[in-house]
Amino acid sequence: MAGADPVELTIESLGAAGDGVASHGGARVFVPYTVPGDRVRVVLGPGRAGDRQARVVARLADGPDRAVPPCPHFGDCGGCALQHLALEAYRTWKQGVVVEALARRGLADVPVAPLVDAALPRRRASFALARAPHRGIAGFHRRYASKVVDVVSCVIVEPALRDLLPRLRELVAALPSWRGPGQAVVTRTDTGIDLVLAADLRLDATERERLTRFAAAVDLARLSHQRGADVAAEPVIERRAPTLDIDGVKVVLPPGGFLQPTAAGEAAIGARIVAALGDASRVADLYAGLGTWTFRLVARARVHAVEGDGALVAALKTAATRAGLMGRVEAEARDLARRPLMAEELRRFDAVVFDPPRAGAAETAAELARSRVPVVVAVSCNPATFARDARTLVDGGYRLVEVTPIDQFRYAAHVELVGVFHR
């Protein structure tokens, strides 16, 4: 953007990623960290598909919904996008993201409930790690950049996770084989913090001993090392099994296993699933993870849980066996993107719950559209792919009864939602 002549713009709205949107020369211009009504002087960046990015060089006037960010790192750290937006405007915008995604798929008449606030604090975080001369760096990446911002405080994570940051800096500086960037995935479980150190380390006996001492010094439940994205995390030291209580069932979290980011968000989603399924007695829980929804449903229904990650399936089976639930829970390891449950297989279920990753569940939605399952509940962290899959179900004869947006990502553009379909 260097050398371009600045232009003055007025921000008209917020886009789906939380950037302010203005108009210039017939194009939409996306301006980070602005709110509707802001008057800004910007330098325009390159365009793509009729849209352009811009960088603010001066804020000339503030819009009515601008707020003071609660974190001193905001604007430098890329972990949050919307701390500068007043809370009520933020909630309205997040609900609107869901409404707009549905409308783009011809589902504008679907009732969308007000946003449920379940965002703070997060019990799970991925801290970016790097090394500078004679010191470690721990925090989050700068927006759209590889540089790691050294974070001193963080308003979105639980204090126990935030307090690890200075100790992680010390650890990175103390590991001789540290090369390049890394990540610490930290999860607070009922028995302590589970940490997966994702970095290209060549751990010898000395470094393993350092990690073991570190785990004891900060009282971790478990510390694991993951050398590459396609390599399973290997436990280095497990001082206590990292355990979660899911509706009275004790489940041990596999290293790096997925967990809803907030306990309040998990409870809010679970309550809506249970209410939507009513007296269904045979339920398929697709993309079941480690049984987050399975174990909430098993008291009232027999549940067939399907998950592609073998470690999560093993954790679910072990927990069900120990709780004496294997007569009511079946667990199947199956890649649902490649091999969805077919319409014929779905015939034995009164209800289906599916909670896919951000890419959605296009294959599962297509088979459900061919099925006669009376009730379907979809959980999603991506309104766009949810709306795509909802369109498939509606075209197959379902009615989308309601959608509830649930905020588990305060100050981020992400929004969770639960949709209920009846046939």
# chains A, B, ... in the order shown; residues from 1 in each chain; ligands from 1
call {"tool": "residues_around", "arguments": {"residues": "Ser380 (chain A)", "least_positions_apart": "3", "cutoff": "9 Å", "atoms": "only C-alpha atoms", "output": "list of chain:residue names"}}
result
A:Phe354, A:Asp355, A:Pro356, A:Pro357, A:Arg358, A:Gly360, A:Pro383, A:Thr385, A:Phe386, A:Val415, A:Glu416, A:Leu417, A:Val418, A:Gly419
call {"tool": "residues_around", "arguments": {"residues": "region 332-341 of chain A", "least_positions_apart": "6", "cutoff": "6 Å", "atoms": "only C-alpha atoms", "output": "PDB file with all heavy atoms, in the first residue's frame"}}
result
ATOM      1  N   VAL A 306     -21.096 -41.291  15.935  1.00  0.00           N
ATOM      2  CA  VAL A 306     -20.204 -41.516  14.792  1.00  0.00           C
ATOM      3  C   VAL A 306     -19.193 -40.376  14.740  1.00  0.00           C
ATOM      4  O   VAL A 306     -19.568 -39.193  14.789  1.00  0.00           O
ATOM      5  CB  VAL A 306     -20.990 -41.578  13.470  1.00  0.00           C
ATOM      6  CG1 VAL A 306     -20.052 -41.922  12.322  1.00  0.00           C
ATOM      7  CG2 VAL A 306     -22.123 -42.595  13.559  1.00  0.00           C
ATOM      8  N   GLU A 307     -17.929 -40.716  14.640  1.00  0.00           N
ATOM      9  CA  GLU A 307     -16.849 -39.734  14.658  1.00  0.00           C
ATOM     10  C   GLU A 307     -15.681 -40.267  13.829  1.00  0.00           C
ATOM     11  O   GLU A 307     -15.397 -41.476  13.850  1.00  0.00           O
ATOM     12  CB  GLU A 307     -16.403 -39.471  16.098  1.00  0.00           C
ATOM     13  CG  GLU A 307     -15.097 -38.730  16.276  1.00  0.00           C
ATOM     14  CD  GLU A 307     -15.080 -37.362  15.623  1.00  0.00           C
ATOM     15  OE1 GLU A 307     -16.074 -36.622  15.751  1.00  0.00           O
ATOM     16  OE2 GLU A 307     -14.078 -37.036  14.963  1.00  0.00           O
ATOM     17  N   GLY A 308     -15.014 -39.388  13.080  1.00  0.00           N
ATOM     18  CA  GLY A 308     -13.913 -39.801  12.233  1.00  0.00           C
ATOM     19  C   GLY A 308     -12.575 -39.913  12.930  1.00  0.00           C
ATOM     20  O   GLY A 308     -11.680 -40.609  12.456  1.00  0.00           O
ATOM     21  N   THR A 364     -23.653 -35.392   4.494  1.00  0.00           N
ATOM     22  CA  THR A 364     -24.656 -35.817   5.476  1.00  0.00           C
ATOM     23  C   THR A 364     -25.992 -35.150   5.207  1.00  0.00           C
ATOM     24  O   THR A 364     -27.055 -35.788   5.279  1.00  0.00           O
ATOM     25  CB  THR A 364     -24.165 -35.502   6.893  1.00  0.00           C
ATOM     26  OG1 THR A 364     -23.092 -36.391   7.223  1.00  0.00           O
ATOM     27  CG2 THR A 364     -25.273 -35.654   7.924  1.00  0.00           C
TER      28      THR A 364
END
call {"tool": "residues_around", "arguments": {"residues": "Thr187 (chain A)", "least_positions_apart": "6", "cutoff": "8 Å", "atoms": "only C-alpha atoms", "output": "ChimeraX atom specification"}}
result
/A:123-125,161,193-195
call {"tool": "residues_around", "arguments": {"residues": "region 224-227 of chain A", "least_positions_apart": "5", "cutoff": "8 Å", "atoms": "only C-alpha atoms", "output": "NGL selection string"}}
result
:A and (195-201 or 232-237 or 255)
call {"tool": "residues_around", "arguments": {"residues": "Leu211 (chain A)", "least_positions_apart": "3", "cutoff": "10 Å", "atoms": "only C-alpha atoms", "output": "ChimeraX atom specification"}}
result
/A:171,174-175,197,203,205-208,214-217,223-225,236-237
call {"tool": "write_last_selection", "arguments": {"atoms": "all heavy atoms", "output": "short mmCIF file (atom, residue, chain, number, x, y, z; two decimals), in the first residue's frame"}}
result
data_model
loop_
_atom_site.label_atom_id
_atom_site.label_comp_id
_atom_site.auth_asym_id
_atom_site.auth_seq_id
_atom_site.Cartn_x
_atom_site.Cartn_y
_atom_site.Cartn_z
N LEU A 171 9.99 -21.22 28.77
CA LEU A 171 10.18 -22.56 28.23
C LEU A 171 10.78 -22.50 26.83
O LEU A 171 11.72 -23.23 26.51
CB LEU A 171 8.85 -23.30 28.20
CG LEU A 171 8.88 -24.71 27.61
CD1 LEU A 171 9.74 -25.63 28.47
CD2 LEU A 171 7.47 -25.28 27.45
N ALA A 174 14.35 -21.80 26.81
CA ALA A 174 15.18 -22.82 27.45
C ALA A 174 15.34 -24.10 26.64
O ALA A 174 16.06 -25.00 27.05
CB ALA A 174 14.59 -23.17 28.82
N LEU A 175 14.67 -24.20 25.47
CA LEU A 175 14.73 -25.42 24.67
C LEU A 175 15.75 -25.25 23.55
O LEU A 175 15.51 -24.53 22.58
CB LEU A 175 13.36 -25.74 24.09
CG LEU A 175 12.28 -26.14 25.11
CD1 LEU A 175 10.91 -26.24 24.45
CD2 LEU A 175 12.64 -27.47 25.78
N LEU A 197 2.26 -28.99 22.99
CA LEU A 197 3.28 -28.13 22.43
C LEU A 197 3.53 -28.57 20.99
O LEU A 197 4.11 -29.64 20.74
CB LEU A 197 4.56 -28.24 23.26
CG LEU A 197 5.69 -27.27 22.94
CD1 LEU A 197 5.27 -25.83 23.19
CD2 LEU A 197 6.93 -27.62 23.76
N LEU A 203 13.33 -33.74 20.55
CA LEU A 203 13.48 -33.87 21.99
C LEU A 203 14.48 -34.97 22.35
O LEU A 203 14.28 -36.14 22.04
CB LEU A 203 12.13 -34.19 22.63
CG LEU A 203 11.03 -33.12 22.48
CD1 LEU A 203 9.77 -33.59 23.17
CD2 LEU A 203 11.49 -31.79 23.03
N ALA A 205 16.90 -36.51 25.78
CA ALA A 205 16.58 -36.78 27.18
C ALA A 205 16.60 -35.50 28.01
O ALA A 205 15.77 -35.31 28.91
CB ALA A 205 17.58 -37.80 27.74
N THR A 206 17.52 -34.60 27.69
CA THR A 206 17.63 -33.35 28.46
C THR A 206 16.38 -32.49 28.26
O THR A 206 15.84 -31.93 29.23
CB THR A 206 18.88 -32.57 28.04
OG1 THR A 206 20.04 -33.38 28.29
CG2 THR A 206 19.00 -31.27 28.82
N GLU A 207 15.94 -32.36 27.00
CA GLU A 207 14.76 -31.52 26.75
C GLU A 207 13.49 -32.16 27.32
O GLU A 207 12.60 -31.45 27.80
CB GLU A 207 14.63 -31.25 25.25
CG GLU A 207 15.70 -30.31 24.73
CD GLU A 207 15.33 -29.69 23.39
OE1 GLU A 207 14.40 -30.20 22.73
OE2 GLU A 207 15.98 -28.68 23.01
N ARG A 208 13.40 -33.48 27.28
CA ARG A 208 12.25 -34.14 27.89
C ARG A 208 12.22 -33.87 29.39
O ARG A 208 11.16 -33.66 29.98
CB ARG A 208 12.28 -35.64 27.60
CG ARG A 208 11.93 -35.98 26.17
CD ARG A 208 11.93 -37.47 25.91
NE ARG A 208 11.55 -37.75 24.54
CZ ARG A 208 10.30 -37.84 24.10
NH1 ARG A 208 9.30 -37.71 24.97
NH2 ARG A 208 10.04 -38.07 22.83
N PHE A 214 8.92 -28.48 33.74
CA PHE A 214 7.98 -27.39 33.45
C PHE A 214 6.56 -27.79 33.83
O PHE A 214 5.82 -27.03 34.45
CB PHE A 214 8.05 -27.03 31.96
CG PHE A 214 7.02 -26.04 31.50
CD1 PHE A 214 7.20 -24.68 31.67
CD2 PHE A 214 5.84 -26.48 30.90
CE1 PHE A 214 6.24 -23.77 31.26
CE2 PHE A 214 4.88 -25.58 30.48
CZ PHE A 214 5.09 -24.22 30.65
N ALA A 215 6.15 -29.00 33.44
CA ALA A 215 4.80 -29.48 33.75
C ALA A 215 4.55 -29.49 35.25
O ALA A 215 3.46 -29.13 35.72
CB ALA A 215 4.59 -30.87 33.15
N ALA A 216 5.56 -29.90 36.01
CA ALA A 216 5.40 -29.92 37.47
C ALA A 216 5.37 -28.51 38.04
O ALA A 216 4.58 -28.20 38.95
CB ALA A 216 6.55 -30.72 38.09
N ALA A 217 6.21 -27.63 37.51
CA ALA A 217 6.29 -26.27 38.05
C ALA A 217 4.99 -25.50 37.87
O ALA A 217 4.62 -24.69 38.72
CB ALA A 217 7.44 -25.52 37.38
N LEU A 223 1.34 -32.88 29.54
CA LEU A 223 2.05 -32.12 28.51
C LEU A 223 2.39 -33.09 27.38
O LEU A 223 2.97 -34.15 27.61
CB LEU A 223 3.31 -31.47 29.06
CG LEU A 223 4.03 -30.48 28.13
CD1 LEU A 223 4.81 -29.45 28.95
CD2 LEU A 223 4.98 -31.16 27.15
N SER A 224 2.01 -32.73 26.16
CA SER A 224 2.29 -33.55 24.98
C SER A 224 3.07 -32.74 23.96
O SER A 224 3.03 -31.50 23.97
CB SER A 224 0.98 -34.06 24.35
OG SER A 224 0.19 -34.76 25.30
N HIS A 225 3.75 -33.44 23.06
CA HIS A 225 4.48 -32.79 21.98
C HIS A 225 3.94 -33.27 20.65
O HIS A 225 3.73 -34.47 20.44
CB HIS A 225 5.98 -33.11 22.07
CG HIS A 225 6.76 -32.62 20.89
ND1 HIS A 225 7.56 -33.44 20.11
CD2 HIS A 225 6.83 -31.39 20.32
CE1 HIS A 225 8.11 -32.74 19.14
NE2 HIS A 225 7.69 -31.49 19.24
N VAL A 236 4.34 -36.43 26.77
CA VAL A 236 5.67 -36.43 27.36
C VAL A 236 5.58 -36.77 28.84
O VAL A 236 6.35 -37.56 29.36
CB VAL A 236 6.35 -35.05 27.16
CG1 VAL A 236 7.70 -35.00 27.88
CG2 VAL A 236 6.53 -34.75 25.67
N ILE A 237 4.60 -36.18 29.52
CA ILE A 237 4.37 -36.46 30.92
C ILE A 237 2.87 -36.28 31.22
O ILE A 237 2.28 -35.28 30.83
CB ILE A 237 5.23 -35.55 31.85
CG1 ILE A 237 4.90 -35.79 33.32
CG2 ILE A 237 5.04 -34.09 31.49
CD1 ILE A 237 5.32 -37.13 33.84
#
call {"tool": "residues_around", "arguments": {"residues": "Thr294 (chain A)", "least_positions_apart": "6", "cutoff": "8 Å", "atoms": "only C-alpha atoms", "output": "PyMOL selection string"}}
result
chain A and resi 285+288+303+305+329
call {"tool": "write_last_selection", "arguments": {"atoms": "all heavy atoms", "output": "PDB file, in the first residue's frame"}}
result
ATOM      1  N   ASP A 285     -25.809 -39.390  16.694  1.00  0.00           N
ATOM      2  CA  ASP A 285     -24.992 -38.213  16.994  1.00  0.00           C
ATOM      3  C   ASP A 285     -23.806 -38.249  16.040  1.00  0.00           C
ATOM      4  O   ASP A 285     -22.861 -39.026  16.233  1.00  0.00           O
ATOM      5  CB  ASP A 285     -24.545 -38.261  18.462  1.00  0.00           C
ATOM      6  CG  ASP A 285     -23.706 -37.051  18.861  1.00  0.00           C
ATOM      7  OD1 ASP A 285     -23.605 -36.100  18.066  1.00  0.00           O
ATOM      8  OD2 ASP A 285     -23.149 -37.069  19.981  1.00  0.00           O
ATOM      9  N   ALA A 288     -19.493 -36.795  16.454  1.00  0.00           N
ATOM     10  CA  ALA A 288     -19.791 -36.832  17.887  1.00  0.00           C
ATOM     11  C   ALA A 288     -18.634 -36.398  18.773  1.00  0.00           C
ATOM     12  O   ALA A 288     -18.836 -36.161  19.969  1.00  0.00           O
ATOM     13  CB  ALA A 288     -20.225 -38.253  18.278  1.00  0.00           C
ATOM     14  N   VAL A 303     -28.133 -43.956  21.822  1.00  0.00           N
ATOM     15  CA  VAL A 303     -27.395 -43.041  20.947  1.00  0.00           C
ATOM     16  C   VAL A 303     -26.343 -43.811  20.157  1.00  0.00           C
ATOM     17  O   VAL A 303     -25.557 -44.585  20.719  1.00  0.00           O
ATOM     18  CB  VAL A 303     -26.714 -41.922  21.758  1.00  0.00           C
ATOM     19  CG1 VAL A 303     -26.033 -40.935  20.814  1.00  0.00           C
ATOM     20  CG2 VAL A 303     -27.721 -41.206  22.650  1.00  0.00           C
ATOM     21  N   ALA A 305     -23.195 -42.967  18.173  1.00  0.00           N
ATOM     22  CA  ALA A 305     -22.249 -41.868  18.002  1.00  0.00           C
ATOM     23  C   ALA A 305     -21.267 -42.210  16.892  1.00  0.00           C
ATOM     24  O   ALA A 305     -20.670 -43.292  16.900  1.00  0.00           O
ATOM     25  CB  ALA A 305     -21.507 -41.612  19.310  1.00  0.00           C
ATOM     26  N   VAL A 329     -25.167 -46.832  24.370  1.00  0.00           N
ATOM     27  CA  VAL A 329     -24.304 -46.059  23.468  1.00  0.00           C
ATOM     28  C   VAL A 329     -23.575 -47.009  22.522  1.00  0.00           C
ATOM     29  O   VAL A 329     -22.970 -47.984  22.952  1.00  0.00           O
ATOM     30  CB  VAL A 329     -23.276 -45.230  24.259  1.00  0.00           C
ATOM     31  CG1 VAL A 329     -22.293 -44.553  23.303  1.00  0.00           C
ATOM     32  CG2 VAL A 329     -23.961 -44.179  25.129  1.00  0.00           C
TER      33      VAL A 329
END
call {"tool": "residues_around", "arguments": {"residues": "region 242-251 of chain A", "least_positions_apart": "2", "cutoff": "6 Å", "atoms": "only C-alpha atoms", "output": "PyMOL selection string"}}
result
chain A and resi 189-191+221+253+296+319
call {"tool": "write_last_selection", "arguments": {"atoms": "N, CA, C and O atoms", "output": "compact mmCIF listing (two decimals), in the first residue's frame"}}
result
# COMPACT_ATOMS: atom_id res chain seq x y z
N THR A 189 -9.14 -28.53 31.89
CA THR A 189 -10.05 -29.63 32.17
C THR A 189 -10.39 -29.61 33.66
O THR A 189 -9.89 -28.77 34.42
N ASP A 190 -11.24 -30.55 34.09
CA ASP A 190 -11.63 -30.60 35.50
C ASP A 190 -10.48 -31.00 36.41
O ASP A 190 -10.53 -30.75 37.62
N THR A 191 -9.45 -31.61 35.84
CA THR A 191 -8.32 -32.08 36.65
C THR A 191 -7.05 -31.28 36.39
O THR A 191 -5.98 -31.66 36.87
N ALA A 221 -1.84 -30.96 34.07
CA ALA A 221 -2.31 -32.34 34.13
C ALA A 221 -1.49 -33.21 33.17
O ALA A 221 -1.06 -34.31 33.53
N LEU A 253 -9.79 -36.46 27.99
CA LEU A 253 -9.53 -35.74 26.74
C LEU A 253 -8.27 -36.27 26.07
O LEU A 253 -7.20 -36.27 26.68
N ARG A 296 -25.14 -36.25 27.01
CA ARG A 296 -26.30 -35.47 27.47
C ARG A 296 -27.62 -36.15 27.06
O ARG A 296 -28.65 -35.88 27.65
N ALA A 319 -15.18 -44.04 28.14
CA ALA A 319 -16.03 -43.36 29.11
C ALA A 319 -17.38 -44.05 29.25
O ALA A 319 -17.90 -44.22 30.37
call {"tool": "closest_residue", "arguments": {"among": "A:Ala314, A:Ala323, A:Ala343, A:Val377", "to": "Trp293 (chain A)", "atoms": "only C-alpha atoms"}}
result
A:Val377
call {"tool": "select_by_dssp", "arguments": {"residues": "region 255-380 of chain A", "states": "strand (DSSP E)", "output": "number ranges by chain"}}
result
A: 282-286, 302-307, 329-333, 351-354, 375-380
call {"tool": "closest_residue", "arguments": {"among": "A:Leu102, A:Leu259, A:Val148, A:Leu220", "to": "Gly136 (chain A)", "atoms": "only C-alpha atoms"}}
result
A:Val148
call {"tool": "select_by_dssp", "arguments": {"residues": "region 114-285 of chain A", "states": "alpha helix (DSSP H)", "output": "MDAnalysis selection string"}}
result
chainID A and resid 159:162 165:174 205:217 263:277
call {"tool": "atom_distance", "arguments": {"atom1": "CA of His24 (chain A)", "atom2": "CA of Ala103 (chain A)"}}
result
25.6 Å
call {"tool": "atom_distance", "arguments": {"atom1": "CA of Ala27 (chain A)", "atom2": "CA of Gly50 (chain A)"}}
result
5.5 Å
